[in-house]
Amino acid sequence: MKTAVVTGITGQDGAYLADLLLSTGYQVYGTYRRTSSVNFWRMEELGVAGHPNLVLVEHDVTDLSASIRLLQRSGATEIYNLAAQSYVGVSFEQPITTADITGVGPVNLLEAIRIIDPKIRFYQASTSEMFGKVQAVPQSESTPFYPRSPYGAAKLFAHWMTVNYRESYGIFASSGILFNHESPLRGVEFVTRKITDAVARIKLGKLDRLSLGNLDAKRDWGFAKEYVEGMWMILQADEPDTFVLATGRTETVRDFVRMAFKAAGIEVEFSGHAELETAVDVASGRTVMQVDPRFYRPAEVDLLIGDAAKAQEKLGWSPRTSLEELCQMMVEADLRRSENGVSF
Ligand code: NDP
Ligand code: GDR
């Protein structure tokens, strides 16, 4: 039986990856942070909590000695580092914490590998946010980076350290540059889930309107469950490398708002510009979305669209779910939760 460590198992990707690895016969050491009220709702939704081959371990990626003990104790041959302060907006308010967790955290794991067993394979969760102020369209593994947030800069440091440990010490350290991926398990602070959660509550008469920031930002959104398959494929390759995972389609936040309302059977019309933009329910004439400048960021990433040709060619990975299908899935899940009075 293969053993893998998945850091950040309480997050969206951690839950999907744990599910995938357990279902393919792995033993999984999933790490979570000690908090006053740990929440395993995602693993519970997927039915992996309590799996006999799942070992939950308290661990913080900012702690080198804990990282060394984690590898000693687990005997893992693969580590998937998904732990991060992953919210771009918060990174502007907490740049140092973000640097410690998102930037230095992965180096603690790489050092632990170097000390315990350099044959352990390492996956780093890199991000399209590293492209930031984009230098080319679409973005691929060879596009120059230009991060636009403390989060993007911290991830870029971790990305280059992953490449450096690969080249300096021969460690199988790979980096997946993943574009935005969403699901019903997405955190509600991220824009897609914020929208689908609000649309469900508006549909059920539990919320008047949704407030958002920049509607013009364009993102390449895929389905998280398919992206964790790509992570696994990246660590099964013959050689360590860097891969972009993306759909190759980009849409604005405004497009996603329209799509989500449509998935709930509500047609909306947008009017006004910038801070004064609103969306109105055509049938009732009610305003259901307004822009609130409090959600603007000090610097924005305007346009992301990825080219995943290398992953397709070398790994056989490609996305299968359309944005419309993904959006529908998220709205339906949030309608069910809202009907049952459950919120995450
Ligand atoms: P989430 O925010 O849902 O999950 C992040 C995880 O990291 C949580 O389990 C969180 O724990 C954990 N974590 C935070 N700080 C620490 C710490 N100090 N020590 C240990 N664990 C910690 O992110 P996603 O699942 O969406 O993303 C997974 C990874 O992929 C992240 O690194 C993210 O930056 C990256 N990524 C995500 C993309 C996406 O579109 N989803 C795209 C590209 C990259 P807790 O629950 O306690 O907060
Ligand atoms: P992002 O995701 O910053 O791309 O990072 P997020 O969903 O937070 O924002 C996407 C875009 O939507 C705009 N936006 C808003 N965003 C949020 N969260 N809330 C709002 O109200 C709102 N209004 C408009 C944002 O300005 C932005 O342009 C995600 C995270 O998962 C990262 O960890 C990951 O690395 C990248 O995706 C790829």
# chains A, B, ... in the order shown; residues from 1 in each chain; ligands from 1
>>> closest_atom_pairs(of="stretch 184-256 of chain A", to="stretch 274-297 of chain A", cutoff="10 Å", atoms="only C-alpha atoms", output="tab-separated table")
residue	atom	partner	partner_atom	distance
A:Ile195	CA	A:Met289	CA	9.6
A:Ala198	CA	A:Val288	CA	9.5
A:Val199	CA	A:Val288	CA	8.6
A:Ile202	CA	A:Val288	CA	7.6
A:Lys203	CA	A:Val288	CA	9.9
A:Leu207	CA	A:Val288	CA	8.9
A:Asp208	CA	A:Val288	CA	6.4
A:Arg209	CA	A:Val288	CA	4.3
A:Leu210	CA	A:Met289	CA	4.6
A:Ser211	CA	A:Gln290	CA	5.1
A:Leu212	CA	A:Val291	CA	5.0
A:Gly213	CA	A:Phe295	CA	4.3
A:Asn214	CA	A:Tyr296	CA	5.9
A:Leu215	CA	A:Val291	CA	8.0
A:Asp216	CA	A:Ala274	CA	8.9
A:Arg254	CA	A:Ala279	CA	9.4
>>> write_last_selection(atoms="N, CA and C atoms", output="compact mmCIF listing (two decimals), in the first residue's frame")
# COMPACT_ATOMS: atom_id res chain seq x y z
N ILE A 195 -21.02 33.73 -4.84
CA ILE A 195 -22.15 34.00 -5.76
C ILE A 195 -23.18 32.88 -5.68
N ALA A 198 -25.13 32.94 -2.42
CA ALA A 198 -26.07 34.07 -2.35
C ALA A 198 -27.25 33.86 -3.30
N VAL A 199 -26.97 33.37 -4.50
CA VAL A 199 -28.04 33.13 -5.47
C VAL A 199 -29.06 32.16 -4.88
N ILE A 202 -31.08 34.00 -2.28
CA ILE A 202 -31.99 34.98 -2.91
C ILE A 202 -33.18 34.22 -3.51
N LYS A 203 -32.89 33.12 -4.18
CA LYS A 203 -33.95 32.31 -4.80
C LYS A 203 -34.98 31.86 -3.75
N LEU A 207 -32.32 36.08 1.31
CA LEU A 207 -31.33 37.17 1.16
C LEU A 207 -31.86 38.13 0.12
N ASP A 208 -31.64 39.43 0.33
CA ASP A 208 -32.12 40.43 -0.64
C ASP A 208 -31.19 40.57 -1.83
N ARG A 209 -29.93 40.80 -1.53
CA ARG A 209 -29.00 41.02 -2.64
C ARG A 209 -27.58 40.64 -2.29
N LEU A 210 -26.81 40.49 -3.34
CA LEU A 210 -25.41 40.06 -3.26
C LEU A 210 -24.53 41.29 -3.51
N SER A 211 -23.45 41.45 -2.72
CA SER A 211 -22.51 42.55 -2.94
C SER A 211 -21.18 41.99 -3.42
N LEU A 212 -20.66 42.56 -4.49
CA LEU A 212 -19.40 42.07 -5.06
C LEU A 212 -18.45 43.23 -5.36
N GLY A 213 -17.18 42.88 -5.64
CA GLY A 213 -16.19 43.88 -6.04
C GLY A 213 -16.08 43.98 -7.54
N ASN A 214 -14.86 43.75 -8.05
CA ASN A 214 -14.57 43.95 -9.47
C ASN A 214 -15.25 42.88 -10.35
N LEU A 215 -16.21 43.30 -11.15
CA LEU A 215 -16.94 42.35 -12.00
C LEU A 215 -16.22 42.08 -13.32
N ASP A 216 -15.21 42.89 -13.62
CA ASP A 216 -14.54 42.77 -14.93
C ASP A 216 -13.40 41.75 -14.94
N ARG A 254 -18.75 38.96 -13.88
CA ARG A 254 -20.13 39.32 -14.29
C ARG A 254 -20.80 38.15 -15.03
>>> select_by_dssp(residues="stretch 196-240 of chain A", states="alpha helix (DSSP H)", output="list in words")
Thr196, Asp197, Ala198, Val199, Ala200, Arg201, Ile202, Lys203, Ala224, Lys225, Glu226, Tyr227, Val228, Glu229, Gly230, Met231, Trp232, Met233, Ile234, Leu235 and Gln236 of chain A
>>> write_last_selection(atoms="C-alpha atoms", output="PDB file, in the first residue's frame")
ATOM      1  CA  THR A 196     -23.766  30.531  -5.798  1.00  0.00           C
ATOM      2  CA  ASP A 197     -24.428  30.628  -2.048  1.00  0.00           C
ATOM      3  CA  ALA A 198     -26.073  34.069  -2.347  1.00  0.00           C
ATOM      4  CA  VAL A 199     -28.044  33.131  -5.471  1.00  0.00           C
ATOM      5  CA  ALA A 200     -29.498  30.114  -3.635  1.00  0.00           C
ATOM      6  CA  ARG A 201     -30.520  32.266  -0.662  1.00  0.00           C
ATOM      7  CA  ILE A 202     -31.985  34.978  -2.913  1.00  0.00           C
ATOM      8  CA  LYS A 203     -33.950  32.311  -4.804  1.00  0.00           C
ATOM      9  CA  ALA A 224     -11.607  20.974  -8.539  1.00  0.00           C
ATOM     10  CA  LYS A 225     -12.261  17.211  -8.601  1.00  0.00           C
ATOM     11  CA  GLU A 226     -10.580  16.977 -12.025  1.00  0.00           C
ATOM     12  CA  TYR A 227      -7.663  19.175 -10.953  1.00  0.00           C
ATOM     13  CA  VAL A 228      -6.704  16.889  -8.034  1.00  0.00           C
ATOM     14  CA  GLU A 229      -6.510  14.021 -10.557  1.00  0.00           C
ATOM     15  CA  GLY A 230      -3.930  16.176 -12.343  1.00  0.00           C
ATOM     16  CA  MET A 231      -1.960  16.588  -9.090  1.00  0.00           C
ATOM     17  CA  TRP A 232      -1.758  12.811  -8.705  1.00  0.00           C
ATOM     18  CA  MET A 233      -0.723  12.391 -12.365  1.00  0.00           C
ATOM     19  CA  ILE A 234       2.032  14.975 -11.893  1.00  0.00           C
ATOM     20  CA  LEU A 235       3.588  12.854  -9.124  1.00  0.00           C
ATOM     21  CA  GLN A 236       3.284   9.611 -11.164  1.00  0.00           C
TER      22      GLN A 236
END
>>> residues_near_ligand(ligand="ligand 1", cutoff="8 Å", atoms="only C-alpha atoms and all ligand atoms", output="PyMOL selection string")
chain A and resi 7-15+31-35+38-39+59-62+81-87+100-102+105+124-129+155+177-182+186-187+221+224
>>> residues_around(residues="A:Leu109", least_positions_apart="4", cutoff="12 Å", atoms="only C-alpha atoms", output="MDAnalysis selection string")
chainID A and resid 5:7 59:72 78:83 101:105 113:118 120:124 158 161:162 165 171 173
>>> residues_around(residues="stretch 44-53 of chain A", least_positions_apart="2", cutoff="8 Å", atoms="only C-alpha atoms", output="list in words")
Ala15, Tyr16, Ala18, Asp19, Leu22, Tyr26, Gln27, Val28, Phe40, Trp41, Arg42 and Val55 of chain A
>>> residues_around(residues="A:Cys327", least_positions_apart="4", cutoff="10 Å", atoms="only C-alpha atoms", output="PyMOL selection string")
chain A and resi 182-184+192-193+195-196+221-223+256-257+259-263+321-323+331-333
>>> write_last_selection(atoms="C-alpha atoms", output="JSON list (two decimals), in the first residue's frame")
[["chain", "number", "residue", "atom", "x", "y", "z"],
["A", 182, "GLU", "CA", -14.11, 25.49, -7.95],
["A", 183, "SER", "CA", -16.73, 23.07, -6.65],
["A", 184, "PRO", "CA", -19.58, 22.83, -4.17],
["A", 192, "THR", "CA", -17.81, 31.70, -7.35],
["A", 193, "ARG", "CA", -19.08, 30.11, -4.15],
["A", 195, "ILE", "CA", -22.15, 34.00, -5.76],
["A", 196, "THR", "CA", -23.77, 30.53, -5.80],
["A", 221, "TRP", "CA", -12.46, 28.34, -13.89],
["A", 222, "GLY", "CA", -12.41, 24.53, -13.81],
["A", 223, "PHE", "CA", -13.80, 21.75, -11.59],
["A", 256, "PHE", "CA", -20.49, 33.97, -13.70],
["A", 257, "VAL", "CA", -23.12, 36.05, -11.85],
["A", 259, "MET", "CA", -24.80, 32.09, -15.23],
["A", 260, "ALA", "CA", -25.49, 31.39, -11.54],
["A", 261, "PHE", "CA", -28.78, 33.30, -11.50],
["A", 262, "LYS", "CA", -29.77, 31.49, -14.71],
["A", 263, "ALA", "CA", -28.99, 28.14, -13.05],
["A", 321, "THR", "CA", -16.71, 19.65, -16.97],
["A", 322, "SER", "CA", -17.94, 22.86, -18.63],
["A", 323, "LEU", "CA", -18.30, 26.07, -16.64],
["A", 331, "VAL", "CA", -26.02, 26.37, -7.34],
["A", 332, "GLU", "CA", -27.90, 23.09, -6.82],
["A", 333, "ALA", "CA", -25.70, 22.16, -3.85]]
>>> closest_residue(among="A:Tyr151, A:Trp317, A:Phe344, A:Phe243", to="ligand 2", atoms="only C-alpha atoms and all ligand atoms")
A:Tyr151
>>> select_by_dssp(residues="stretch 170-336 of chain A", states="strand (DSSP E)", output="PyMOL selection string")
chain A and resi 173-178+181-182+210-212+218-219+222-223+242-245+251-252+268-271+278-281+287-291
>>> write_last_selection(atoms="C-alpha atoms", output="PDB file, in the first residue's frame")
ATOM      1  CA  ALA A 173       9.788  18.028  -6.584  1.00  0.00           C
ATOM      2  CA  SER A 174       7.043  19.038  -9.008  1.00  0.00           C
ATOM      3  CA  SER A 175       4.920  22.121  -9.279  1.00  0.00           C
ATOM      4  CA  GLY A 176       1.386  22.300 -10.613  1.00  0.00           C
ATOM      5  CA  ILE A 177       0.475  25.808 -11.775  1.00  0.00           C
ATOM      6  CA  LEU A 178      -3.254  25.449 -11.341  1.00  0.00           C
ATOM      7  CA  HIS A 181     -10.803  25.523  -9.704  1.00  0.00           C
ATOM      8  CA  GLU A 182     -14.106  25.493  -7.951  1.00  0.00           C
ATOM      9  CA  LEU A 210     -25.410  40.063  -3.262  1.00  0.00           C
ATOM     10  CA  SER A 211     -22.507  42.553  -2.944  1.00  0.00           C
ATOM     11  CA  LEU A 212     -19.401  42.075  -5.061  1.00  0.00           C
ATOM     12  CA  LYS A 218     -11.558  37.365 -16.037  1.00  0.00           C
ATOM     13  CA  ARG A 219     -10.794  33.905 -14.742  1.00  0.00           C
ATOM     14  CA  GLY A 222     -12.412  24.528 -13.812  1.00  0.00           C
ATOM     15  CA  PHE A 223     -13.798  21.753 -11.588  1.00  0.00           C
ATOM     16  CA  THR A 242       6.174  21.981 -13.831  1.00  0.00           C
ATOM     17  CA  PHE A 243       2.703  21.735 -15.373  1.00  0.00           C
ATOM     18  CA  VAL A 244      -0.121  24.199 -16.035  1.00  0.00           C
ATOM     19  CA  LEU A 245      -3.648  22.838 -15.411  1.00  0.00           C
ATOM     20  CA  GLU A 251     -15.073  34.517 -18.394  1.00  0.00           C
ATOM     21  CA  THR A 252     -15.694  37.627 -16.297  1.00  0.00           C
ATOM     22  CA  VAL A 268     -30.788  39.236 -14.650  1.00  0.00           C
ATOM     23  CA  GLU A 269     -29.942  42.457 -16.469  1.00  0.00           C
ATOM     24  CA  PHE A 270     -26.905  44.588 -15.614  1.00  0.00           C
ATOM     25  CA  SER A 271     -26.871  48.371 -15.658  1.00  0.00           C
ATOM     26  CA  THR A 278     -26.229  46.615 -10.376  1.00  0.00           C
ATOM     27  CA  ALA A 279     -28.079  43.528 -11.603  1.00  0.00           C
ATOM     28  CA  VAL A 280     -31.856  43.436 -11.617  1.00  0.00           C
ATOM     29  CA  ASP A 281     -34.152  40.387 -11.653  1.00  0.00           C
ATOM     30  CA  THR A 287     -32.050  44.602  -7.510  1.00  0.00           C
ATOM     31  CA  VAL A 288     -30.294  41.334  -6.684  1.00  0.00           C
ATOM     32  CA  MET A 289     -26.633  42.354  -7.038  1.00  0.00           C
ATOM     33  CA  GLN A 290     -24.721  45.557  -6.378  1.00  0.00           C
ATOM     34  CA  VAL A 291     -21.078  46.512  -6.521  1.00  0.00           C
TER      35      VAL A 291
END
>>> atom_distance(atom1="atom CA of A:Lys310", atom2="atom CA of A:Ala136")
16.6 Å
>>> atom_distance(atom1="atom 16 (N, counted along the ligand's line) of ligand 2", atom2="atom CA of A:Lys133")
16.6 Å
>>> closest_residue(among="A:Asn340, A:Ser23, A:Ser149, A:Gln94", to="ligand 2", atoms="only C-alpha atoms and all ligand atoms")
A:Ser149
>>> closest_residue(among="A:Gly75, A:Pro147, A:Pro240, A:Pro319", to="ligand 2", atoms="only C-alpha atoms and all ligand atoms")
A:Pro147
>>> closest_residue(among="A:Leu20, A:Lys119, A:Ala308, A:Ser74", to="A:Ala4", atoms="only C-alpha atoms")
A:Ser74
>>> closest_residue(among="A:Leu204, A:Leu56, A:Leu17, A:Leu303", to="ligand 2", atoms="only C-alpha atoms and all ligand atoms")
A:Leu303
>>> closest_residue(among="A:Ser36, A:Ala246, A:Glu93, A:Thr77", to="ligand 2", atoms="only C-alpha atoms and all ligand atoms")
A:Ala246
>>> atom_distance(atom1="atom CA of A:Gly25", atom2="atom CA of A:Met1")
6.6 Å
>>> decode(residues="stretch 294-315 of chain A", atoms="C-alpha atoms", output="compact mmCIF listing (two decimals), in the first residue's frame")
# COMPACT_ATOMS: atom_id res chain seq x y z
CA ARG A 294 -15.04 47.37 -0.15
CA PHE A 295 -14.44 44.17 -2.13
CA TYR A 296 -11.97 45.79 -4.55
CA ARG A 297 -8.33 44.79 -4.10
CA PRO A 298 -5.32 47.15 -3.96
CA ALA A 299 -4.03 45.47 -7.14
CA GLU A 300 -5.99 43.20 -9.44
CA VAL A 301 -5.19 40.29 -11.71
CA ASP A 302 -7.27 41.24 -14.75
CA LEU A 303 -7.10 38.29 -17.11
CA LEU A 304 -6.20 34.65 -16.61
CA ILE A 305 -6.49 32.01 -19.29
CA GLY A 306 -4.29 28.94 -19.23
CA ASP A 307 -2.74 26.71 -21.85
CA ALA A 308 -2.63 23.14 -20.48
CA ALA A 309 -1.22 21.56 -23.67
CA LYS A 310 1.86 20.21 -21.87
CA ALA A 311 -0.24 18.41 -19.22
CA GLN A 312 -2.44 17.00 -21.95
CA GLU A 313 0.49 15.75 -23.99
CA LYS A 314 2.75 14.43 -21.20
CA LEU A 315 0.19 13.33 -18.58
